[in-house]
Amino acid sequence: MADRPDADREAGANKPALRLHVPEPKSRPGDTVDFSHVPVSQPGKQPRPDEACDARETEGLCHDLIRVLGDDDRAHGPWDPKLDPDTLRTMLGHFALVRAFDERMFRGQRQGKTSFYMKCTGEEATSVSAAMALASDDMVFPSYRQQGVLIARGYDLVEMINQIYSNKGDKLKGRQLPIMYSSREHSFFSISGNLATQTPQAVGWAMASAIKGDSRIAATWVGEGSTAEGDFHSACTFATVYNAPVILNVINNQWAISSFSGFAGSERTTFAARALGYGLAGLRVDGNDALAVYAAQRWAANRARANAGPTLIEYFTYRAEGHSTSDDPTGYRSAQEREEWPLGDPVMRLKNHLIALGEWDEDRQTEMDREAAERVKAATKEAEKNGILGHGMHQPFRTMFEDVFEELPWNLKEQAEQATRERLIKFNGGRPK
Amino acid sequence: MSTGVTEPKGANNDTVRRLNMIEAINDALDIMLERDPDVIVLGEDVGYFGGVFRCTAGLQEKHGKTRVFDTPISECGIIGVAVGMGAYGLRPVPEIQFADYIYPGLDQLVSEAARLRYRSATEYIAPMTVRTPFGGGIFGGQTHSQSPEALFTHVSGLKTVIPSTPYDAKGLLISCIEDNDPVIFFEPKRIYNGPFSGYYDKPAEPWKRHPQSEVPEGYYRIPLGKARTVTEGEALTVLAYGTMVHVAESVCREKGVDAEILDLRTLAPLDIEAIEASVKKTGRCLIVHEATRTSGFGAELSALVTERCFYHLEAPVERVTGFDTPYPHSLEWAYFPGPIRIGEAIDQLLSE
Ligand SMILES: Cc1ncc(C[n+]2csc(CCOP(=O)(O)OP(=O)(O)O)c2C)c(N)n1
């Protein structure tokens with residue numbers, strides 16, 4: 001056994017004294033923001049390897065940043081997905097709808113119609129554009145900020161709001177926290193409040209699809225903060241071991257509630273580079289560049305479909321709003337960050353691109369935004385007919401005991417009877433539901 | 001009294017074989033892999049090698065590498081991917097090599113598998129049977145001997161099943177695999193090869209001579225939630241499961257006690273009717289398990305018996321359990337709830 005350099009000194013008197021490093025973000029409230037450490041690569045300059053390439057060929061792309069849309073609002077380079085204007089307008093339409101939806105639901109929470117809401121402002125492309133690059137029956141295992149996937153898949157807004165209001169129309173029977181949607185019809189897995197648990201589940205689903213010789217692939221989304229969970233590492237291991245047809249999307253929005261990405265290890269390497277140690281293909285992508293997001297997700301989907309292997313994609317983006325309605329980001333980060341984020345806003349960038357192509361204009365955008373707001377408003381009214389949280393128009397209370405098991409066991413039967421008795425007392429012999 | 005032992009359906013009773021519990025489990029898996037193409041067996045070392053206890057021996061060779069395969073050493077991954085497989089429509093049967101190693105996968109089992117049906121209002125389910133050997137008595141030390149069953153009975157949405165004979169192991173495991181709820185199937189490894197009297201210094205009895213090792217060929221089910229009456233009696237009721245069924249049986253026989261021994265077989269759902277009927281008949285109740293005492297499943301049983309049979313009880317409910325310490329390697333037999341501890345509890349119960 002080797003001695004410490006100063007073995008004769010007391011224990012703990014090593015030279016130099018050891019120091020713990022506690023990461024600290026570059027700016028705090030009141031500070032001037034300096035984003036010079038954020039490497040903003042030149043759009044169009046990143047190579048696009050063959051989709052079936054050896055995972056090692058993506059090494060450079062794990063540290064670079066794949067970008068397509070330039071400052072000139074034009075698409076550049078080999079990652080340009082060459083989408084037609086109609087598709088681009090559809091994508092922009094989904095963006096508008098997601099923004100309008102977030103805006104209204106946020107206000108709804110403030111008005112006491114629900115307990116909680118989470119916006120995805122600034123991250124719309126990472127779900128909408130990614131979802132558009134997948135087949136509609138590819139299975140998605142989302143985290144909680146992927147409302148854009150549901151909107152891109154055409155999920156009924158009224159159903160979404162019923163879920164948020166936990167009302168009598170909520171097909172999840174008012175059991176889940178608002179925004180924890182589930183829609184089997186849209187191949188959208190039930191969202192868990194336990195972070196990162198969906199990642200090995202997505203891999204398992206993809207493995208099952210491969211076992212069955214199916215053609216559907218799976219994709220999952222996880223926040224950069226949550227990549228520190230063991231589940232994520234299990235997911236990477238299983239994905240690589242079985243060459244599962246799965247895409248692991250990491251949304252690096254810089255913040256995990258009040259903890260900056262440094263607490264998930266971003267000071268030492270990128271999240272995309274996590275792929276390298278596992279032998280996964282890895283891509284690091286400008287998450288505010290709708291075209292780059294689409295192209296990367298498409299690349300990974302084609303790779304998975306060709307049995308060429310799983311891909312880990314880091315979408316480098318910024319959480320423009322608070323973590324949730326329960327969060328106040330002015331308490332821990334500079335207010336300027338949002339304005340000065342060097343990769344801009346995904347909605348504006350796509351809009352400007354369409355305008356540059358001569359396929360769009362400001363008036364049509366205003367009209368699109370107005371229509372989106374109207375649609376959401378109408379859906380909200382419709383959902384409110386089924387009630388809002390805590391106003392009595394909730395699920396019949398007996399549903400509480402349903403679905404714990406396929407069949408009701410004796411203990412739950414007894415407890416359901418007790419709950420019925422309590423209701424009878426409370427409503428003075430009236431009609432409990 | 002419900003004994004729950006259904007006549008084996010579709011089984012050919014003429015061809016009765018005597019199998020040990022490992023072989024019976026292997027047989028059940030083999031049959032289910034054969035019958036249902038959605039059944040998948042996965043876990044550490046279960047494929048080529050056939051499992052460290054050999055429960056999956058030969059299955060990969062017979063059913064192929066995509067039906068029976070080895071996994072990384074990641075219990076979180078094993079159970080997590082099984083949730084995804086279940087959501088796809090498969091019926092995974094993951095093996096956790098020792099119950100002691102289930103903790104890294106606990107969240108996936110407790111928060112995910114167990115609640116998926118509820119949280120998605122049946123849109124998604126996680127049908128899976130997590131098999132895992134548990135219990136001590138094989139000098140496994142504190143990391144290969146634990147009995148964590150109570151943890152799982154506390155979880156809404158999980159079923160907890162524990163066989164005590166080869167016959168039951170096969171029939172129960174088949175029911176578990178066909179069940180649409182997630183099940184944890186604890187295999188009492190001390191009795192994999194033969195029943196156990198509790199006297200560690202006596203040579204182990206192989207299953208060869210035991211009637212409960214008569215395992216019919218082919219498919220049969222034992223319903224979950226039904227206890228088995230091991231012996232009928234009038235003096236007291238013994239509630240036990242797994243290895244402890246055999247220990248309790250041998251102690252009662254040795255002492256000449258007219259005990260009614262119930263093998264619970266499934267802790268959740270629990271056969272409350274059988275328990276109630278028996279305790280009301282005998283007026284005395286002894287609960288035996290190997291797990292640590294405090295907040296063990298015996299506490300739940302004791303509360304239930306007291307709540308439901310209080311006016312029929314002639315003595316306070318007695319619990320015989322392991323101690324509230326980790327399982328100490330060299331002092332394993334001091335920890336084990338053996339004949340002395342059980343015998344004293346019986347004397348106490350009968351003296352009141
Ligand atoms: C297992 C677990 N631990 C802690 C939490 C509490 N929690 C909810 S969101 C969150 C931050 C997640 O950050 P990140 O993964 O970066 O995603 P983001 O919210 O930024 O999209 C935390 C700590 C949780 N839900 N689950």
# chains A, B, ... in the order shown; residues from 1 in each chain; ligands from 1

call {"tool": "residues_near_ligand", "arguments": {"ligand": "ligand 1", "cutoff": "9 Å", "atoms": "only C-alpha atoms and all ligand atoms", "output": "ChimeraX atom specification"}}
result
/A:118,120,143-145,192-197,222-229,250-261,264,318-319,323-324 /B:107

call {"tool": "closest_atom_pairs", "arguments": {"of": "chain A", "to": "chain B", "cutoff": "9 Å", "atoms": "only C-alpha atoms", "output": "tab-separated table"}}
result
residue	atom	partner	partner_atom	distance
A:Lys171	CA	B:Ala121	CA	7.1
A:Leu172	CA	B:Ala121	CA	5.0
A:Lys173	CA	B:Ala121	CA	6.6
A:Arg175	CA	B:Arg119	CA	6.1
A:Gln176	CA	B:Arg119	CA	6.1
A:Tyr181	CA	B:Ser120	CA	8.2
A:Ser182	CA	B:Ser120	CA	6.1
A:Ser183	CA	B:Glu123	CA	7.3
A:Arg184	CA	B:Glu123	CA	6.0
A:Glu185	CA	B:Glu123	CA	8.9
A:Phe189	CA	B:Tyr124	CA	7.8
A:Ser190	CA	B:Ser120	CA	5.8
A:Ile191	CA	B:Ser120	CA	8.6
A:Ser192	CA	B:Glu112	CA	7.5
A:Asn194	CA	B:Ser111	CA	7.6
A:Thr197	CA	B:Gln108	CA	6.8
A:Gln198	CA	B:Gly80	CA	7.9
A:Thr199	CA	B:Gly80	CA	8.0
A:Pro200	CA	B:Gly80	CA	5.0
A:Gln201	CA	B:Gly84	CA	4.0
A:Ala202	CA	B:Gly84	CA	5.8
A:Val203	CA	B:Val81	CA	6.0
A:Gly204	CA	B:Val81	CA	3.6
A:Trp205	CA	B:Gly84	CA	4.3
A:Ala206	CA	B:Gly84	CA	7.9
A:Met207	CA	B:Met85	CA	7.3
A:Ala208	CA	B:Met85	CA	5.3
A:Ser209	CA	B:Tyr88	CA	7.4
A:Ile211	CA	B:Thr66	CA	6.0
A:Lys212	CA	B:Asp38	CA	8.5
A:Gly230	CA	B:Cys76	CA	7.6
A:Asp231	CA	B:Cys76	CA	6.2
A:Phe232	CA	B:Gly77	CA	8.9
A:His233	CA	B:Gly77	CA	8.5
A:Ser234	CA	B:Gly77	CA	4.8
A:Ala235	CA	B:Gly77	CA	6.3
A:Thr237	CA	B:Pro72	CA	7.4
A:Phe238	CA	B:Gly77	CA	6.9
A:Val241	CA	B:Pro72	CA	7.9
A:Glu402	CA	B:Tyr118	CA	7.4
A:Asp403	CA	B:Tyr118	CA	4.9
A:Val404	CA	B:Gly157	CA	5.0
A:Phe405	CA	B:Gly157	CA	5.6
A:Glu406	CA	B:Asp181	CA	6.6
A:Pro409	CA	B:Pro269	CA	6.5
A:Trp410	CA	B:Pro269	CA	8.1
A:Asn411	CA	B:Pro269	CA	8.5

call {"tool": "atom_distance", "arguments": {"atom1": "atom CA of Tyr335 of chain B", "atom2": "atom CA of Leu349 of chain B"}}
result
21.7 Å

call {"tool": "select_by_dssp", "arguments": {"residues": "segment 65-250 of chain B", "states": "strand (DSSP E)", "output": "mmCIF file with C-alpha atoms, in the first residue's frame"}}
result
data_model
loop_
_atom_site.group_PDB
_atom_site.id
_atom_site.type_symbol
_atom_site.label_atom_id
_atom_site.label_comp_id
_atom_site.auth_asym_id
_atom_site.auth_seq_id
_atom_site.Cartn_x
_atom_site.Cartn_y
_atom_site.Cartn_z
ATOM 1 C CA VAL B 68 -35.177 -17.206 -22.390
ATOM 2 C CA PHE B 69 -32.147 -14.995 -21.951
ATOM 3 C CA ASP B 70 -29.506 -13.600 -19.631
ATOM 4 C CA ARG B 91 -45.856 -11.930 -20.069
ATOM 5 C CA PRO B 92 -42.327 -11.609 -18.775
ATOM 6 C CA VAL B 93 -41.125 -13.858 -15.972
ATOM 7 C CA PRO B 94 -38.072 -12.038 -14.633
ATOM 8 C CA GLU B 95 -35.854 -13.799 -12.122
ATOM 9 C CA THR B 129 -44.164 -12.764 -12.398
ATOM 10 C CA VAL B 130 -40.999 -11.827 -10.575
ATOM 11 C CA ARG B 131 -39.507 -15.091 -9.338
ATOM 12 C CA THR B 132 -36.993 -14.907 -6.551
ATOM 13 C CA PRO B 133 -35.494 -17.376 -4.064
ATOM 14 C CA PHE B 134 -35.774 -16.191 -0.476
ATOM 15 C CA LYS B 159 -49.662 -10.079 -5.447
ATOM 16 C CA THR B 160 -47.346 -12.065 -3.207
ATOM 17 C CA VAL B 161 -47.172 -15.827 -3.618
ATOM 18 C CA VAL B 183 -46.923 -10.995 -8.941
ATOM 19 C CA ILE B 184 -43.888 -11.625 -6.808
ATOM 20 C CA PHE B 185 -43.260 -15.339 -6.451
ATOM 21 C CA PHE B 186 -40.972 -16.114 -3.532
ATOM 22 C CA GLU B 187 -39.278 -19.488 -3.738
ATOM 23 C CA PRO B 188 -38.233 -20.896 -0.344
ATOM 24 C CA GLU B 214 -46.037 -35.879 -6.725
ATOM 25 C CA VAL B 215 -46.302 -33.519 -9.613
ATOM 26 C CA PRO B 216 -48.679 -34.398 -12.413
ATOM 27 C CA GLU B 217 -47.432 -33.926 -15.904
ATOM 28 C CA ARG B 228 -54.006 -25.168 1.877
ATOM 29 C CA THR B 229 -54.942 -27.156 4.964
ATOM 30 C CA VAL B 230 -51.823 -29.136 5.737
ATOM 31 C CA THR B 231 -53.255 -30.960 8.741
ATOM 32 C CA LEU B 236 -54.652 -24.682 17.710
ATOM 33 C CA THR B 237 -54.261 -23.090 14.294
ATOM 34 C CA VAL B 238 -50.814 -22.580 12.828
ATOM 35 C CA LEU B 239 -50.465 -20.032 10.055
ATOM 36 C CA ALA B 240 -47.297 -20.486 8.035
#

call {"tool": "residues_around", "arguments": {"residues": "His246 of chain B", "least_positions_apart": "4", "cutoff": "12 Å", "atoms": "only C-alpha atoms", "output": "VMD selection string"}}
result
chain B and resid 163 to 165 188 190 to 191 194 to 199 204 to 205 207 210 212 230 to 231 238 to 242 250 to 253 261 to 263 288 to 289 338 to 339 342

call {"tool": "atom_distance", "arguments": {"atom1": "atom CA of Ile217 of chain A", "atom2": "atom CA of Glu314 of chain A"}}
result
18.6 Å

call {"tool": "residues_around", "arguments": {"residues": "Lys208 of chain B", "least_positions_apart": "3", "cutoff": "8 Å", "atoms": "only C-alpha atoms", "output": "PyMOL selection string"}}
result
chain B and resi 18-20+194+213

call {"tool": "select_by_dssp", "arguments": {"residues": "segment 159-388 of chain A", "states": "alpha helix (DSSP H)", "output": "MDAnalysis selection string"}}
result
chainID A and resid 159:165 198:211 230:241 274:278 290:305 336:340 346:356 362:384

call {"tool": "residues_around", "arguments": {"residues": "Phe401 of chain A", "least_positions_apart": "5", "cutoff": "9 Å", "atoms": "only C-alpha atoms", "output": "PyMOL selection string"}}
result
chain A and resi 408+412-413+415-416

call {"tool": "atom_distance", "arguments": {"atom1": "atom CA of Ser334 of chain A", "atom2": "atom CA of Asp34 of chain A"}}
result
10.4 Å

call {"tool": "residues_around", "arguments": {"residues": "Thr87 of chain A", "least_positions_apart": "4", "cutoff": "12 Å", "atoms": "only C-alpha atoms", "output": "list in words"}}
result
Pro81, Lys82, Leu83, Met91, Leu92, Gly93, His94, Val128, Ser129, Met132, Ala133, Ala152, Ala290, Leu291, Tyr294, Leu350, Leu354 and Glu359 of chain A

call {"tool": "residues_around", "arguments": {"residues": "Cys53 of chain A", "least_positions_apart": "6", "cutoff": "9 Å", "atoms": "only C-alpha atoms", "output": "ChimeraX atom specification"}}
result
/A:281,303,308

call {"tool": "write_last_selection", "arguments": {"atoms": "N, CA, C and O atoms", "output": "JSON list (two decimals), in the first residue's frame"}}
result
[["chain", "number", "residue", "atom", "x", "y", "z"],
["A", 281, "ALA", "N", -25.14, 4.93, -30.36],
["A", 281, "ALA", "CA", -24.92, 6.09, -31.21],
["A", 281, "ALA", "C", -25.39, 7.31, -30.43],
["A", 281, "ALA", "O", -26.38, 7.22, -29.69],
["A", 303, "ARG", "N", -32.44, 4.34, -38.12],
["A", 303, "ARG", "CA", -31.39, 3.45, -37.60],
["A", 303, "ARG", "C", -32.03, 2.30, -36.82],
["A", 303, "ARG", "O", -31.70, 1.13, -37.02],
["A", 308, "ALA", "N", -30.16, -1.30, -36.78],
["A", 308, "ALA", "CA", -28.76, -0.86, -36.66],
["A", 308, "ALA", "C", -28.45, -0.38, -35.25],
["A", 308, "ALA", "O", -27.29, -0.13, -34.92]]

call {"tool": "closest_residue", "arguments": {"among": "B:Ile162, B:Val46, B:Val305, B:Ile287", "to": "Gly135 of chain B", "atoms": "only C-alpha atoms"}}
result
B:Ile162
